[in-house]
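The structure appears below as structure tokens.
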Amino acid sequence: MVNLETADKALKSVYLGVVTEQLNTAANPLLAKIEQTSSDVWGKEIIKLVSYGLNGGVGAGEECGTLPTAAGNNYAQFKLDLKNLYGSIEISDKAIRASQNNVGAFVNLLNAEMEGLLKASKYNLGRMLYGNGDGVLGNIALNEAGATYSVEVNNIQNFGVGMLVDMYDSAGNIKISKARILDVDRQSRTITIDKEIDSKNGSYYFTIQNSKDNELTGLGAIFGNKDIYGLKRSENNWLNPYKKSLDGTFELGAIQEAIDTCEYNSGSEINFITCAYNVKRLYIKNLSYNRINMDYMNIDGGFKAISYNGLPLYSDRFAEDGAMYILNTNDFKMHQLCDWRWIEGDSGNVIKQKLGTPTYTATLVKYADIVCDRPCGQAKVYNIFQ
């Protein structure tokens, strides 16, 4: 007979390994290229010593002359908090009792919940990879109509039906909490939620529930202008990656220029290129115009990419429109306190009754963040439109 104990054991022994593998290797091709490690994690923080520049203790001299003066590596200390990544499933007591004498029905119930959790987790992990950690999904365009349930946003790509979102004003004060997105119109860049919005004469933005300033330190932070990892960019030029605006044009030579610049400036060996969909279309158009054959290649996680001189070029739905990121993924690490785990209660159970309701929940968790050891070895070309 199926019961809560059976479900608990299934989540621990059957589903956890599958979910972990899927989230670590199949959520996003860029994430699949990033090494995961428990090193440099100290309590609730990542504290990492990284070297930059060259060792100064080398030189040439006369046969009996003075030996080179020792001058070791230059070091800097990165410091950032581990981010708390959660994913929860919920099963009603009625659904469990209805499937008590039918193992197949119960398995289908668990499978449906886990597939939904995986889909949502992959979506949000992929989105966070391109964010700057602030959790902002998009800003509301000026709404002169006042109270409404539907608003236009500046960046529709991050929104999905079913999300629970919070709305903040420009001062960071929360205005709406845990509103459910009912509809997303990508043509008009409009979302509809289940709570009334009053955004007249104000500046507002949305985040995933409880996620403001709590998301992974993604590419948006590396290529942004704010200080990073507890260090000032103005005092550490090696924290500044290569960035170039193409002012609405695109030529194949721009990719090679970025790769050459990274190699020239820092010795970086580029191994992965990711871009927005519109940039991929322009790249293909340029290949066709120049009568260059287009090759495809399989990459980690079961994904397929276009080949640029043997390098994978992958288009990602969450990449900034008009942008291409040219990366050495060997410089990236996901530092984690542990891999994905179920939160367990005092009794060791992962399934717990939701207080005051006839439902049971289980929560998956990972404490981690992403660090790029060599920001100056990465490149971004943007404003690519034609």
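Within each chain, counting starts at residue 1; across the structure tokens, chains are named A, B, ... in the order shown, with ligands numbered 1 upward in that order.
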
Residue contacts of Val153 (chain A) (7 Å, only C-alpha atoms) excluding same-chain residues fewer than 2 positions away, as a VMD selection string: chain A and resid 138 to 141 151 155 to 156 189 to 190

Residues of region 31-140 of chain A within 10 Å of region 254-272 of chain A: nearest atom pair and distance (Å, one decimal) for each, counting only C-alpha atoms, sorted by chain and number, as JSON lines?
```
{"residue": "A:Lys33", "atom": "CA", "partner": "A:Phe272", "partner_atom": "CA", "distance": 8.6}
{"residue": "A:Tyr52", "atom": "CA", "partner": "A:Ser266", "partner_atom": "CA", "distance": 9.1}
{"residue": "A:Gly53", "atom": "CA", "partner": "A:Ser266", "partner_atom": "CA", "distance": 8.0}
{"residue": "A:Leu54", "atom": "CA", "partner": "A:Ser266", "partner_atom": "CA", "distance": 10.0}
```

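Shortest separation to Cys372 (chain A) among A:Asp339, A:Asp331, A:Asp185, A:Glu113 occurs at residue A:Asp331, atoms counted being only C-alpha atoms.
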
Find the residues around Ala379 (chain A) up to 9 Å (only C-alpha atoms counted), leave out those fewer than 3 positions away in its own chain, and share them as a short mmCIF file (atom, residue, chain, number, x, y, z; two decimals) with all heavy atoms, in the first residue's frame.
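Final output, saved to part-v2.cif:
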```cif
data_model
loop_
_atom_site.label_atom_id
_atom_site.label_comp_id
_atom_site.auth_asym_id
_atom_site.auth_seq_id
_atom_site.Cartn_x
_atom_site.Cartn_y
_atom_site.Cartn_z
N PHE A 223 29.67 41.40 -16.57
CA PHE A 223 29.76 42.41 -17.63
C PHE A 223 29.07 43.72 -17.24
O PHE A 223 28.93 44.61 -18.07
CB PHE A 223 29.15 41.87 -18.92
CG PHE A 223 29.97 40.77 -19.55
CD1 PHE A 223 29.63 39.44 -19.36
CD2 PHE A 223 31.09 41.07 -20.29
CE1 PHE A 223 30.40 38.43 -19.93
CE2 PHE A 223 31.86 40.07 -20.86
CZ PHE A 223 31.51 38.74 -20.67
N PRO A 241 35.92 42.95 -18.05
CA PRO A 241 35.99 42.16 -19.28
C PRO A 241 35.98 43.04 -20.52
O PRO A 241 35.73 44.25 -20.44
CB PRO A 241 34.73 41.30 -19.20
CG PRO A 241 33.77 42.14 -18.43
CD PRO A 241 34.59 42.91 -17.43
N TYR A 242 36.23 42.43 -21.66
CA TYR A 242 36.18 43.14 -22.95
C TYR A 242 34.71 43.32 -23.33
O TYR A 242 33.93 42.37 -23.35
CB TYR A 242 36.91 42.32 -24.00
CG TYR A 242 36.76 42.82 -25.42
CD1 TYR A 242 37.61 43.80 -25.92
CD2 TYR A 242 35.77 42.31 -26.26
CE1 TYR A 242 37.48 44.25 -27.23
CE2 TYR A 242 35.64 42.76 -27.57
CZ TYR A 242 36.50 43.73 -28.04
OH TYR A 242 36.37 44.17 -29.34
N LYS A 243 34.34 44.57 -23.63
CA LYS A 243 32.97 44.87 -24.07
C LYS A 243 33.04 45.80 -25.28
O LYS A 243 33.80 46.77 -25.26
CB LYS A 243 32.16 45.52 -22.95
CG LYS A 243 31.89 44.64 -21.76
CD LYS A 243 30.95 45.28 -20.76
CE LYS A 243 31.58 46.44 -20.04
NZ LYS A 243 30.72 46.97 -18.95
N LYS A 244 32.23 45.50 -26.27
CA LYS A 244 32.22 46.36 -27.46
C LYS A 244 30.82 46.43 -28.04
O LYS A 244 30.18 45.41 -28.29
CB LYS A 244 33.19 45.85 -28.52
CG LYS A 244 33.27 46.75 -29.74
CD LYS A 244 34.33 46.29 -30.73
CE LYS A 244 34.41 47.25 -31.92
NZ LYS A 244 35.45 46.83 -32.89
N ALA A 258 37.10 39.85 -30.73
CA ALA A 258 36.89 39.65 -29.30
C ALA A 258 37.72 38.49 -28.77
O ALA A 258 38.33 38.59 -27.70
CB ALA A 258 35.40 39.39 -29.03
N ILE A 259 37.78 37.39 -29.52
CA ILE A 259 38.59 36.23 -29.11
C ILE A 259 40.07 36.62 -29.04
O ILE A 259 40.77 36.30 -28.06
CB ILE A 259 38.38 35.06 -30.09
CG1 ILE A 259 36.95 34.54 -29.99
CG2 ILE A 259 39.38 33.94 -29.82
CD1 ILE A 259 36.59 33.49 -31.03
N THR A 261 41.37 39.57 -28.65
CA THR A 261 41.61 40.53 -27.58
C THR A 261 41.73 39.83 -26.23
O THR A 261 42.60 40.15 -25.42
CB THR A 261 40.49 41.58 -27.53
OG1 THR A 261 40.42 42.25 -28.80
CG2 THR A 261 40.75 42.60 -26.44
N CYS A 262 40.84 38.86 -25.98
CA CYS A 262 40.91 38.10 -24.73
C CYS A 262 42.24 37.34 -24.62
O CYS A 262 42.87 37.32 -23.55
CB CYS A 262 39.74 37.12 -24.63
SG CYS A 262 38.14 37.89 -24.34
N MET A 324 26.19 38.95 -27.67
CA MET A 324 26.93 37.70 -27.78
C MET A 324 27.99 37.67 -26.68
O MET A 324 28.72 38.65 -26.49
CB MET A 324 27.60 37.58 -29.16
CG MET A 324 28.52 36.37 -29.30
SD MET A 324 29.31 36.28 -30.94
CE MET A 324 27.92 35.69 -31.92
N TYR A 325 28.06 36.55 -25.96
CA TYR A 325 29.03 36.37 -24.88
C TYR A 325 30.08 35.37 -25.33
O TYR A 325 29.75 34.25 -25.77
CB TYR A 325 28.34 35.87 -23.61
CG TYR A 325 27.27 36.80 -23.10
CD1 TYR A 325 25.95 36.68 -23.54
CD2 TYR A 325 27.57 37.79 -22.17
CE1 TYR A 325 24.96 37.53 -23.07
CE2 TYR A 325 26.59 38.65 -21.69
CZ TYR A 325 25.29 38.51 -22.15
OH TYR A 325 24.31 39.36 -21.68
N ILE A 326 31.33 35.75 -25.23
CA ILE A 326 32.46 34.94 -25.71
C ILE A 326 33.29 34.59 -24.48
O ILE A 326 33.93 35.46 -23.88
CB ILE A 326 33.25 35.73 -26.77
CG1 ILE A 326 32.32 36.04 -27.95
CG2 ILE A 326 34.48 34.98 -27.21
CD1 ILE A 326 32.80 37.11 -28.87
N LEU A 327 33.27 33.31 -24.08
CA LEU A 327 33.70 32.93 -22.74
C LEU A 327 34.76 31.83 -22.73
O LEU A 327 34.81 30.99 -23.64
CB LEU A 327 32.49 32.43 -21.94
CG LEU A 327 31.24 33.31 -21.94
CD1 LEU A 327 30.07 32.57 -21.29
CD2 LEU A 327 31.50 34.63 -21.22
N PRO A 375 37.73 37.64 -14.93
CA PRO A 375 36.76 38.42 -15.72
C PRO A 375 37.36 39.04 -16.97
O PRO A 375 36.68 39.15 -18.00
CB PRO A 375 36.29 39.50 -14.73
CG PRO A 375 36.48 38.88 -13.39
CD PRO A 375 37.74 38.07 -13.51
N CYS A 376 38.64 39.44 -16.92
CA CYS A 376 39.25 40.08 -18.09
C CYS A 376 39.47 39.10 -19.24
O CYS A 376 39.82 39.51 -20.35
CB CYS A 376 40.58 40.74 -17.71
SG CYS A 376 41.83 39.58 -17.11
#
```

Among the residues A:Lys122, A:Lys380, A:Lys9, A:Lys44, the one that comes closest to Glu320 (chain A) [using only C-alpha atoms]: A:Lys380

Backbone DSSP call of strand (DSSP E) for region 38-154 of chain A, listed as a VMD selection string: chain A and resid 41 to 42 45 to 52 74 to 81 83 to 92 136 to 139 147 to 152

Selected residue of minimal separation from Val103 (chain A) among A:Asp134, A:Leu337, A:Lys352, A:Thr6, counting only C-alpha atoms: A:Thr6

Alpha helix (DSSP H) call set, DSSP backbone run, region 105-244 of chain A, as a list in words: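 The residues of region 105-244 of chain A classed as alpha helix (DSSP H) are Ala105, Phe106, Val107, Asn108, Leu109, Leu110, Asn111, Ala112, Glu113, Met114, Glu115, Gly116, Leu117, Leu118, Lys119, Ala120, Ser121, Lys122, Tyr123, Asn124, Leu125, Gly126, Arg127, Met128, Leu129, Leu219, Gly220, Ala221 and Ile222 of chain A.
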
Could the residues in this selection be written to a file with N, CA and C atoms, as a short mmCIF file (atom, residue, chain, number, x, y, z; two decimals), in the first residue's frame?
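The file below, part39.cif, is the result:
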```
data_model
loop_
_atom_site.label_atom_id
_atom_site.label_comp_id
_atom_site.auth_asym_id
_atom_site.auth_seq_id
_atom_site.Cartn_x
_atom_site.Cartn_y
_atom_site.Cartn_z
N ALA A 105 -0.82 4.81 -10.19
CA ALA A 105 -1.39 6.17 -10.08
C ALA A 105 -0.51 7.03 -9.19
N PHE A 106 0.03 6.43 -8.12
CA PHE A 106 0.89 7.20 -7.22
C PHE A 106 2.19 7.60 -7.90
N VAL A 107 2.77 6.68 -8.65
CA VAL A 107 3.99 6.99 -9.40
C VAL A 107 3.74 8.10 -10.39
N ASN A 108 2.62 8.06 -11.07
CA ASN A 108 2.27 9.12 -12.02
C ASN A 108 2.12 10.46 -11.31
N LEU A 109 1.55 10.42 -10.10
CA LEU A 109 1.38 11.64 -9.32
C LEU A 109 2.74 12.25 -8.98
N LEU A 110 3.66 11.43 -8.47
CA LEU A 110 4.99 11.92 -8.13
C LEU A 110 5.75 12.37 -9.37
N ASN A 111 5.64 11.60 -10.44
CA ASN A 111 6.33 11.97 -11.69
C ASN A 111 5.88 13.33 -12.18
N ALA A 112 4.57 13.58 -12.14
CA ALA A 112 4.04 14.86 -12.62
C ALA A 112 4.58 16.01 -11.78
N GLU A 113 4.61 15.82 -10.46
CA GLU A 113 5.12 16.88 -9.59
C GLU A 113 6.61 17.13 -9.84
N MET A 114 7.39 16.07 -9.98
CA MET A 114 8.83 16.21 -10.17
C MET A 114 9.16 16.80 -11.54
N GLU A 115 8.40 16.43 -12.55
CA GLU A 115 8.62 17.01 -13.88
C GLU A 115 8.32 18.50 -13.88
N GLY A 116 7.27 18.89 -13.15
CA GLY A 116 6.96 20.32 -13.04
C GLY A 116 8.06 21.07 -12.30
N LEU A 117 8.59 20.46 -11.24
CA LEU A 117 9.67 21.08 -10.48
C LEU A 117 10.92 21.21 -11.34
N LEU A 118 11.24 20.16 -12.10
CA LEU A 118 12.41 20.20 -12.97
C LEU A 118 12.29 21.29 -14.03
N LYS A 119 11.14 21.37 -14.65
CA LYS A 119 10.92 22.36 -15.70
C LYS A 119 11.09 23.78 -15.17
N ALA A 120 10.49 24.05 -14.03
CA ALA A 120 10.59 25.39 -13.44
C ALA A 120 12.02 25.69 -12.98
N SER A 121 12.69 24.68 -12.40
CA SER A 121 14.05 24.89 -11.90
C SER A 121 15.02 25.13 -13.05
N LYS A 122 14.90 24.36 -14.12
CA LYS A 122 15.76 24.57 -15.29
C LYS A 122 15.56 25.97 -15.87
N TYR A 123 14.31 26.38 -15.96
CA TYR A 123 13.98 27.70 -16.49
C TYR A 123 14.67 28.78 -15.68
N ASN A 124 14.54 28.70 -14.37
CA ASN A 124 15.07 29.77 -13.52
C ASN A 124 16.59 29.70 -13.38
N LEU A 125 17.18 28.52 -13.40
CA LEU A 125 18.64 28.43 -13.38
C LEU A 125 19.22 29.04 -14.65
N GLY A 126 18.61 28.73 -15.80
CA GLY A 126 19.06 29.31 -17.06
C GLY A 126 18.94 30.82 -17.06
N ARG A 127 17.85 31.32 -16.49
CA ARG A 127 17.64 32.78 -16.42
C ARG A 127 18.68 33.44 -15.52
N MET A 128 18.96 32.82 -14.37
CA MET A 128 19.92 33.40 -13.42
C MET A 128 21.33 33.46 -13.99
N LEU A 129 21.69 32.53 -14.87
CA LEU A 129 23.03 32.53 -15.45
C LEU A 129 23.34 33.84 -16.17
N LEU A 219 26.26 36.33 -15.60
CA LEU A 219 27.01 37.12 -16.58
C LEU A 219 26.67 38.60 -16.50
N GLY A 220 25.44 38.91 -16.09
CA GLY A 220 25.06 40.31 -15.95
C GLY A 220 25.92 41.06 -14.95
N ALA A 221 26.38 40.35 -13.90
CA ALA A 221 27.25 40.97 -12.91
C ALA A 221 28.67 41.11 -13.44
N ILE A 222 29.15 40.09 -14.14
CA ILE A 222 30.52 40.12 -14.68
C ILE A 222 30.68 41.23 -15.71
#
```

Between CA of Gly322 (chain A) and CA of Asp295 (chain A) - distance in Å to one decimal: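 Distance reported for this atom pair: 22.3 Å.
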
Trp342 (chain A) surroundings by only C-alpha atoms, 9 Å radius, close-in-sequence under 3 positions cut, as a count of residues only: 9

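With only C-alpha atoms taken into account, the protein and nucleic acid residues at most 8 Å from Lys280 (chain A) (excluding it and anything under 5 positions from it in its own chain) are Cys275, Tyr314 and Ser315 of chain A.
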
Gap from CA of Gly230 (chain A) to CA of Thr25 (chain A) - Å, one decimal: 29.2 Å

12 Å contact set for Asp300 (chain A), only C-alpha atoms, chain neighbours under 5 positions out, as a count of residues only: 16

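Minimum atom-to-atom distances from A:Trp238, A:Tyr149, A:Ser39, A:Met294 to Ser51 (chain A) were compared using only C-alpha atoms, and the lowest value belongs to A:Trp238.
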
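Between Ala10 (chain A) and the candidates A:Asn349, A:Ile370, A:Arg180, A:Asp93, the tightest atom-to-atom separation, counting only C-alpha atoms, involves A:Asn349.
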
For Gln36 (chain A): contacts at 7 Å, only C-alpha atoms, fewer than 2 positions along chain excluded, given as an NGL selection string: :A and (34 or 333-335)
